[in-house]
There are 2 protein chains.
Amino acid sequence: MAKDKKLVEAITSMDVDFAQWYTDVVKKAELCDYASVKGCMVIKPAGYAIWENIQAELDRRFKETGVQNVYMPLFIPESLLQKEKDHVEGFAPEVAWVTHGGLEKLQERLCVRPTSETLFCDFYAGDIHSYRDLPKVYNQWCSVVRWEKTTRPFLRSREFLWQEGHTAHATAEEAEARTIQMLNVYADFCEQVLAIPVVKGQKTDKEKFAGAEATYTIESLMHDGKALQSGTSHNFGDGFAKAFGIQYAAKDNTLQYVHQTSWGMTTRMIGAIIMVHGDDNGLVLPPRIAPVQVMIVPVQQQKEGVLDKAYELRDALSGFKVKVDDSDKSPGWKFSESEMRGIPVRVEIGPRDIENNQAVLVRRDTHEKMTVSLNEIGAKVGELLETIQHDMLDKARSHRDAHTYVARDFDEFVKTINEKPGFVKAMWCGCQECEDKIKEVTAATSRCMPFEQEQLSDKCVCCGKPAKKMVYWGRAY
Amino acid sequence: MAKDKKLVEAITSMDVDFAQWYTDVVKKAELCDYASVKGCMVIKPAGYAIWENIQAELDRRFKETGVQNVYMPLFIPESLLQKEKDHVEGFAPEVAWVTHGGLEKLQERLCVRPTSETLFCDFYAGDIHSYRDLPKVYNQWCSVVRWEKTTRPFLRSREFLWQEGHTAHATAEEAEARTIQMLNVYADFCEQVLAIPVVKGQKTDKEKFAGAEATYTIESLMHDGKALQSGTSHNFGDGFAKAFGIQYAAKDNTLQYVHQTSWGMTTRMIGAIIMVHGDDNGLVLPPRIAPVQVMIVPVQQQKEGVLDKAYELRDALSGFKVKVDDSDKSPGWKFSESEMRGIPVRVEIGPRDIENNQAVLVRRDTHEKMTVSLNEIGAKVGELLETIQHDMLDKARSHRDAHTYVARDFDEFVKTINEKPGFVKAMWCGCQECEDKIKEVTAATSRCMPFEQEQLSDKCVCCGKPAKKMVYWGRAY
């Protein structure tokens, strides 16, 4: 049975124009659509179902570490946003302002939250009194707004969905431990569920979050060699606590400031899944995040017994997320559609298969076909989904490693960045001037100072002065 | 072991001041707090956990009927809000307006969604082409904003959380069937999960949703005899479709307008749980919605073996949502706290109980105590939770029925409303003048025209003209 080419031809090849390929996949896999509000998305059922799975997996992992969910208001009074100096400088230029409620002008402008540090701090200042009230380990699932100039679906939009965790601790050590713990939750989630390998490390001062003492990040590499910041975890020390007056009575009855953290992951991860795993036939979803893991496509379904057998097969595979495509479209069209939507395993079954008590399994990631007996199809599908999950991570890791380069001097750095899309590992003196120069000349930014440091040379790749850190550099989304 | 009275004394008796009792319970049970933004709430862990359970139960029921979740933008351009005349008149006076994005003034004002009919319509107009695209049965979980003048936690706030379902159908019949189907989902959820009995019916034209052809509602009665609109389901006919141009090519190739519905339930239901089931000791949660169903309180926990036995018991009860209160507070304080938080069953276990291989179970709803053998405690707790769930619904239904009155003429109506808080059933001619007069004189509104009609008399309770419908009237939140 030949595949229908129409759907596939509707998307640009990724080698021809990666950006257009991305947009085509988002549209043809029906993940999201632009809304009539510039820069805002309509997340459609196929996209939102992925987000629901991301939420369920992360939320379970959060709760295992003692996180409690709460909900803070959508609005931040201007005076509250201004309490922490670095924070307001970072966010004020890109927030949306509410000036009128109903027919009346507000006495004070309210911004639509771009992030909720200030709201959590305001709440903690009233809610924390004693060491018995600590730690507070709260999280919320919500949408936030940042008035971006240029937008792309999932990757950068004026409104996006995320979770933001905000914690308060008695000691600096406990805050640092929580910051790292949540970064590890993100890294583990990305690798084990999304099959996306990440580099864990710390942001430079230039790239850290507005108001943070330290920002940790996981960085991933997209198929086109561009980097994507995939999750961040911030240690605020007691900076916000001092700005907002969040103090507790310690066991020795002295008044102490709390130490705080925040950490977030967003719908941008749907963009990462597309750009790490997708191919010219569309989306490719890792089985552990796929809303539909197995699509059964009956062949010659008008023939007696074929549809019944397909439904019987669905019941036999009910341990997985399984569907039967019993629409009146052609099998070829159904094959293409299930590929476009990234469904990990397709099961083809027709009259001849039924006669031979077998079905054909097709892997979405490799297009490999295998004929299996209906007697053992449940076990085979289970194994295949595990294999696909595993192979997808391996493939993404090989791609990432094959596109990670080393540069020892500035010429080599520029040449590598310009000719070989990917990460460049290079030594750095620690000065922002060198970061600025590298960005100006190459459009690459420091992605992170990885936890796993290597001594590539003694000198800064930019200025030649003594090096302090190895840094991952790259052009980023 | 005497109960600690401090916590209980901290709340006003409901018979003394019901409104103050409500506010005290919200605060002492740590459900929510006011935020520094007037009229907005911080939903705290104990409150948000109830909302998560409401979400999980409703979402499962929705999906069983074919609902798919999506996400629409937070903002609505002013021109979009204005497309349906009745709708804009209903909502424009109470929306929050965004006028600036970052440092720039917007060309067109955006309102923060008070509800998303206009956004779904705008999307459907571009997404629906053929009868093959129908029905669309979408829902979203989000927050909405309505600029209320007077606010109360959960019941009426400027921002609240809800779900809003929006569907599009080929025929009027299908839309009507979906409207009723979702009303029934709400009614079943309220009764089976929240143990809140409801009256199902239709809103009068005066009380229906802005832009709807028909609004159906479930109405419940709070402990103080006030009514609460607990969920609504609207049939829009093709009014929005015509305003937004949502047409599809039918099988016969003619262009037809779709028929639409919407339906919503909100965080206000947390207020309903408090006001239907609560008592002077605090919150009382139905077991099926309680984040913690069983609280184990060790007595004389400093004695050897007591805490170990409590943890052992927790493991034995792991089929339920169970916790051990092993804090260093006194048992009396723990008893009061677990009552304040509404936990359905408390298990007390001390050295003498252990000696006798028993524990004491205490029902939150009736305060009844019973001693049970540790050998059968799992089965006993399971039965008790079922009994409590069942008894709470019965009790609420008896209260509702005992506070539902009949009035046959205007004097009787006024006297009943003024002297007996509750629902008043009375006949109505169908004219808005009578509704207006009743509201002016008694502050009662028509809650609904119940599906189960009774012929109480032939005449309108207000004007004496021929009656068309029996109506439930009441003062409402």
# chains A, B, ... in the order shown; residues from 1 in each chain; ligands from 1

$ closest_atom_pairs --of "chain A" --to "chain B" --cutoff "8 Å" --atoms "only C-alpha atoms" --output "tab-separated table"
residue	atom	partner	partner_atom	distance
A:Ala35	CA	B:Pro73	CA	7.2
A:Ser36	CA	B:Asp122	CA	7.7
A:Val37	CA	B:Pro77	CA	6.7
A:Cys40	CA	B:Pro73	CA	6.0
A:Met41	CA	B:Pro73	CA	6.2
A:Val42	CA	B:Met72	CA	4.8
A:Ile43	CA	B:Tyr71	CA	4.9
A:Lys44	CA	B:Val70	CA	5.1
A:Pro45	CA	B:Val70	CA	5.2
A:Gly47	CA	B:Val70	CA	7.9
A:Tyr48	CA	B:Val70	CA	5.5
A:Ala49	CA	B:Asn69	CA	7.2
A:Gln68	CA	B:Pro45	CA	5.9
A:Asn69	CA	B:Pro45	CA	5.7
A:Val70	CA	B:Lys44	CA	5.1
A:Tyr71	CA	B:Ile43	CA	4.9
A:Met72	CA	B:Val42	CA	4.8
A:Pro73	CA	B:Cys40	CA	6.0
A:Leu74	CA	B:Glu159	CA	7.6
A:Phe75	CA	B:Val37	CA	7.0
A:Ile76	CA	B:Val37	CA	7.0
A:Pro77	CA	B:Val37	CA	6.6
A:Ala92	CA	B:Gly102	CA	6.7
A:Pro93	CA	B:Gly102	CA	4.6
A:Glu94	CA	B:Gly102	CA	4.3
A:Val95	CA	B:Gly102	CA	4.9
A:Ala96	CA	B:Gly101	CA	4.4
A:Trp97	CA	B:His100	CA	5.1
A:Val98	CA	B:Val98	CA	4.2
A:Thr99	CA	B:Val98	CA	6.2
A:His100	CA	B:Trp97	CA	5.1
A:Gly101	CA	B:Ala96	CA	4.4
A:Gly102	CA	B:Glu94	CA	4.3
A:Leu103	CA	B:Pro93	CA	6.0
A:Asp122	CA	B:Ser36	CA	7.7
A:Phe123	CA	B:Ala35	CA	7.3
A:Cys142	CA	B:Cys142	CA	7.8
A:Trp147	CA	B:Gly101	CA	5.8
A:Glu159	CA	B:Pro73	CA	7.2

$ residues_around --residues "Ala290 of chain B" --least-positions-apart "2" --cutoff "9 Å" --atoms "only C-alpha atoms" --output "list in words"
Ala49, Ile50, Asn53, Leu285, Pro286, Pro287, Arg288, Val292, Gln293, Lys321, Gly342, Ile343 and Pro344 of chain B

$ closest_atom_pairs --of "segment 85-161 of chain B" --to "segment 233-242 of chain B" --cutoff "9 Å" --atoms "only C-alpha atoms" --output "Markdown table"
| residue | atom | partner | partner_atom | distance |
| --- | --- | --- | --- | --- |
| B:Glu117 | CA | B:Phe240 | CA | 8.4 |
| B:Thr118 | CA | B:Phe240 | CA | 8.3 |
| B:Cys121 | CA | B:Phe240 | CA | 7.1 |
| B:Ala125 | CA | B:Ala241 | CA | 8.0 |

$ residues_around --residues "Trp473 of chain A" --least-positions-apart "6" --cutoff "6 Å" --atoms "only C-alpha atoms" --output "ChimeraX atom specification"
/A:423-424,445-447

$ write_last_selection --atoms "N, CA, C and O atoms" --output "PDB file, in the first residue's frame"
ATOM      1  N   PHE A 423      26.861  23.324  19.300  1.00  0.00           N
ATOM      2  CA  PHE A 423      27.514  23.902  20.480  1.00  0.00           C
ATOM      3  C   PHE A 423      29.006  24.067  20.203  1.00  0.00           C
ATOM      4  O   PHE A 423      29.621  23.205  19.565  1.00  0.00           O
ATOM      5  N   VAL A 424      29.583  25.142  20.718  1.00  0.00           N
ATOM      6  CA  VAL A 424      31.040  25.261  20.723  1.00  0.00           C
ATOM      7  C   VAL A 424      31.494  25.354  22.168  1.00  0.00           C
ATOM      8  O   VAL A 424      31.017  26.205  22.925  1.00  0.00           O
ATOM      9  N   THR A 445      25.697  33.167  21.969  1.00  0.00           N
ATOM     10  CA  THR A 445      25.694  33.582  23.371  1.00  0.00           C
ATOM     11  C   THR A 445      26.236  32.451  24.236  1.00  0.00           C
ATOM     12  O   THR A 445      26.286  31.296  23.806  1.00  0.00           O
ATOM     13  N   SER A 446      26.634  32.802  25.431  1.00  0.00           N
ATOM     14  CA  SER A 446      27.061  31.751  26.367  1.00  0.00           C
ATOM     15  C   SER A 446      25.805  31.027  26.812  1.00  0.00           C
ATOM     16  O   SER A 446      24.880  31.636  27.325  1.00  0.00           O
ATOM     17  N   ARG A 447      25.759  29.725  26.572  1.00  0.00           N
ATOM     18  CA  ARG A 447      24.589  28.939  26.972  1.00  0.00           C
ATOM     19  C   ARG A 447      24.699  28.547  28.443  1.00  0.00           C
ATOM     20  O   ARG A 447      23.741  28.641  29.180  1.00  0.00           O
TER      21      ARG A 447
END

$ atom_distance --atom1 "atom CA of Gln260 of chain B" --atom2 "atom CA of Ala168 of chain B"
4.5 Å

$ atom_distance --atom1 "atom CA of Ala467 of chain B" --atom2 "atom CA of Glu452 of chain B"
15.7 Å

$ residues_around --residues "segment 271-276 of chain A" --least-positions-apart "2" --cutoff "7 Å" --atoms "only C-alpha atoms" --output "PyMOL selection string"
chain A and resi 154-155+194+222-223+268-269+278+283+396

$ closest_residue --among "A:Gln192, A:Thr371, A:Asn253, A:Thr404" --to "Glu57 of chain A" --atoms "only C-alpha atoms"
A:Gln192

$ select_by_dssp --residues "segment 50-278 of chain A" --states "helix (DSSP H, G or I)" --output "ChimeraX atom specification"
/A:50-64,78-81,85-94,117-127,131-133,172-192,205-207,239-244,268-277

$ residues_around --residues "Asp280 of chain A" --least-positions-apart "4" --cutoff "9 Å" --atoms "only C-alpha atoms" --output "number ranges by chain"
A: 8, 11-15, 21, 25, 340

$ closest_residue --among "B:Ala316, B:Ile270, B:Val199, B:Cys460" --to "Cys434 of chain B" --atoms "only C-alpha atoms"
B:Cys460

$ select_by_dssp --residues "segment 257-320 of chain A" --states "strand (DSSP E)" --output "number ranges by chain"
A: 257, 259-266, 294-298

$ write_last_selection --atoms "all heavy atoms" --output "CSV table (one decimal), in the first residue's frame"
chain,number,residue,atom,x,y,z
A,257,TYR,N,16.4,36.5,57.6
A,257,TYR,CA,15.8,36.6,56.3
A,257,TYR,C,15.7,35.2,55.7
A,257,TYR,O,16.6,34.3,55.9
A,257,TYR,CB,16.6,37.5,55.4
A,257,TYR,CG,16.4,38.9,55.7
A,257,TYR,CD1,17.4,39.7,56.3
A,257,TYR,CD2,15.2,39.6,55.4
A,257,TYR,CE1,17.2,41.0,56.6
A,257,TYR,CE2,15.0,40.9,55.7
A,257,TYR,CZ,16.0,41.6,56.3
A,257,TYR,OH,15.8,43.0,56.6
A,259,HIS,N,15.8,32.4,52.5
A,259,HIS,CA,16.5,32.2,51.2
A,259,HIS,C,15.6,31.6,50.2
A,259,HIS,O,14.9,30.6,50.6
A,259,HIS,CB,17.7,31.4,51.5
A,259,HIS,CG,18.8,32.1,52.3
A,259,HIS,ND1,18.6,32.2,53.7
A,259,HIS,CD2,19.9,32.7,52.0
A,259,HIS,CE1,19.7,32.9,54.2
A,259,HIS,NE2,20.5,33.2,53.2
A,260,GLN,N,15.5,32.2,49.0
A,260,GLN,CA,14.5,31.8,48.1
A,260,GLN,C,15.0,31.2,46.8
A,260,GLN,O,16.1,31.5,46.4
A,260,GLN,CB,13.6,33.0,47.8
A,260,GLN,CG,12.8,33.4,49.0
A,260,GLN,CD,12.0,34.7,48.8
A,260,GLN,OE1,12.5,35.8,49.0
A,260,GLN,NE2,10.8,34.5,48.2
A,261,THR,N,14.1,30.4,46.1
A,261,THR,CA,14.5,29.9,44.8
A,261,THR,C,13.2,30.0,43.9
A,261,THR,O,12.1,30.2,44.4
A,261,THR,CB,14.8,28.4,44.8
A,261,THR,OG1,13.6,27.6,44.8
A,261,THR,CG2,15.6,28.0,46.0
A,262,SER,N,13.4,30.0,42.6
A,262,SER,CA,12.3,29.8,41.7
A,262,SER,C,12.8,29.0,40.5
A,262,SER,O,14.0,28.9,40.2
A,262,SER,CB,11.7,31.1,41.3
A,262,SER,OG,12.4,31.7,40.2
A,263,TRP,N,11.9,28.3,39.8
A,263,TRP,CA,12.2,27.4,38.7
A,263,TRP,C,11.0,27.2,37.8
A,263,TRP,O,9.9,27.2,38.3
A,263,TRP,CB,12.7,26.0,39.3
A,263,TRP,CG,12.2,25.7,40.7
A,263,TRP,CD1,12.8,26.1,41.8
A,263,TRP,CD2,11.0,25.0,41.0
A,263,TRP,NE1,12.0,25.7,42.9
A,263,TRP,CE2,10.9,25.0,42.4
A,263,TRP,CE3,10.1,24.3,40.2
A,263,TRP,CZ2,9.9,24.3,43.1
A,263,TRP,CZ3,9.0,23.7,40.9
A,263,TRP,CH2,9.0,23.7,42.3
A,264,GLY,N,11.3,27.1,36.5
A,264,GLY,CA,10.2,27.1,35.6
A,264,GLY,C,10.5,26.3,34.3
A,264,GLY,O,11.6,26.2,33.9
A,265,MET,N,9.4,25.7,33.8
A,265,MET,CA,9.5,25.0,32.5
A,265,MET,C,8.2,25.4,31.7
A,265,MET,O,7.1,25.5,32.4
A,265,MET,CB,9.6,23.5,32.6
A,265,MET,CG,9.9,22.8,31.4
A,265,MET,SD,10.3,21.0,31.6
A,265,MET,CE,12.1,21.1,31.6
A,266,THR,N,8.2,25.5,30.4
A,266,THR,CA,7.1,26.1,29.7
A,266,THR,C,6.7,25.3,28.5
A,266,THR,O,7.3,24.2,28.1
A,266,THR,CB,7.5,27.5,29.1
A,266,THR,OG1,8.3,27.3,27.9
A,266,THR,CG2,8.4,28.3,30.1
A,294,VAL,N,-0.3,4.3,19.7
A,294,VAL,CA,-0.5,3.3,18.7
A,294,VAL,C,-1.7,3.6,17.9
A,294,VAL,O,-2.8,3.8,18.4
A,294,VAL,CB,-0.7,1.9,19.3
A,294,VAL,CG1,-0.9,0.8,18.2
A,294,VAL,CG2,0.4,1.5,20.2
A,295,MET,N,-1.6,3.8,16.5
A,295,MET,CA,-2.7,4.0,15.7
A,295,MET,C,-2.9,2.7,14.8
A,295,MET,O,-2.0,2.3,14.1
A,295,MET,CB,-2.5,5.2,14.8
A,295,MET,CG,-3.6,5.5,13.8
A,295,MET,SD,-5.2,5.9,14.7
A,295,MET,CE,-4.9,7.7,15.0
A,296,ILE,N,-4.1,2.2,14.9
A,296,ILE,CA,-4.4,1.0,14.1
A,296,ILE,C,-5.1,1.5,12.8
A,296,ILE,O,-6.1,2.2,12.9
A,296,ILE,CB,-5.4,0.0,14.9
A,296,ILE,CG1,-4.7,-0.4,16.2
A,296,ILE,CG2,-5.8,-1.1,14.0
A,296,ILE,CD1,-5.6,-1.2,17.1
A,297,VAL,N,-4.6,1.1,11.7
A,297,VAL,CA,-5.1,1.5,10.4
A,297,VAL,C,-5.6,0.2,9.7
A,297,VAL,O,-4.8,-0.6,9.2
A,297,VAL,CB,-4.1,2.2,9.5
A,297,VAL,CG1,-4.7,2.6,8.2
A,297,VAL,CG2,-3.6,3.5,10.2
A,298,PRO,N,-6.9,0.1,9.6
A,298,PRO,CA,-7.5,-1.1,8.8
A,298,PRO,C,-7.3,-0.9,7.3
A,298,PRO,O,-7.5,0.2,6.9
A,298,PRO,CB,-9.0,-1.1,9.2
A,298,PRO,CG,-9.2,0.2,9.9
A,298,PRO,CD,-8.0,0.9,10.1

$ residues_around --residues "Ile349 of chain A" --least-positions-apart "4" --cutoff "8 Å" --atoms "only C-alpha atoms" --output "list of chain:residue names"
A:Ile296, A:Val297, A:Pro298, A:Val299, A:Val306, A:Ala310, A:Asp353, A:Ile354, A:Gln358, A:Ala359, A:Val360

$ residues_around --residues "Val471 of chain B" --least-positions-apart "2" --cutoff "8 Å" --atoms "only C-alpha atoms" --output "number ranges by chain"
B: 425-428, 446-450, 469, 473

$ closest_residue --among "A:Arg364, A:Lys208, A:Thr416, A:Lys200" --to "Gln453 of chain A" --atoms "only C-alpha atoms"
A:Lys200

$ closest_residue --among "A:Gly165, A:Gly282, A:Gly231, A:Gly90" --to "Pro114 of chain A" --atoms "only C-alpha atoms"
A:Gly90
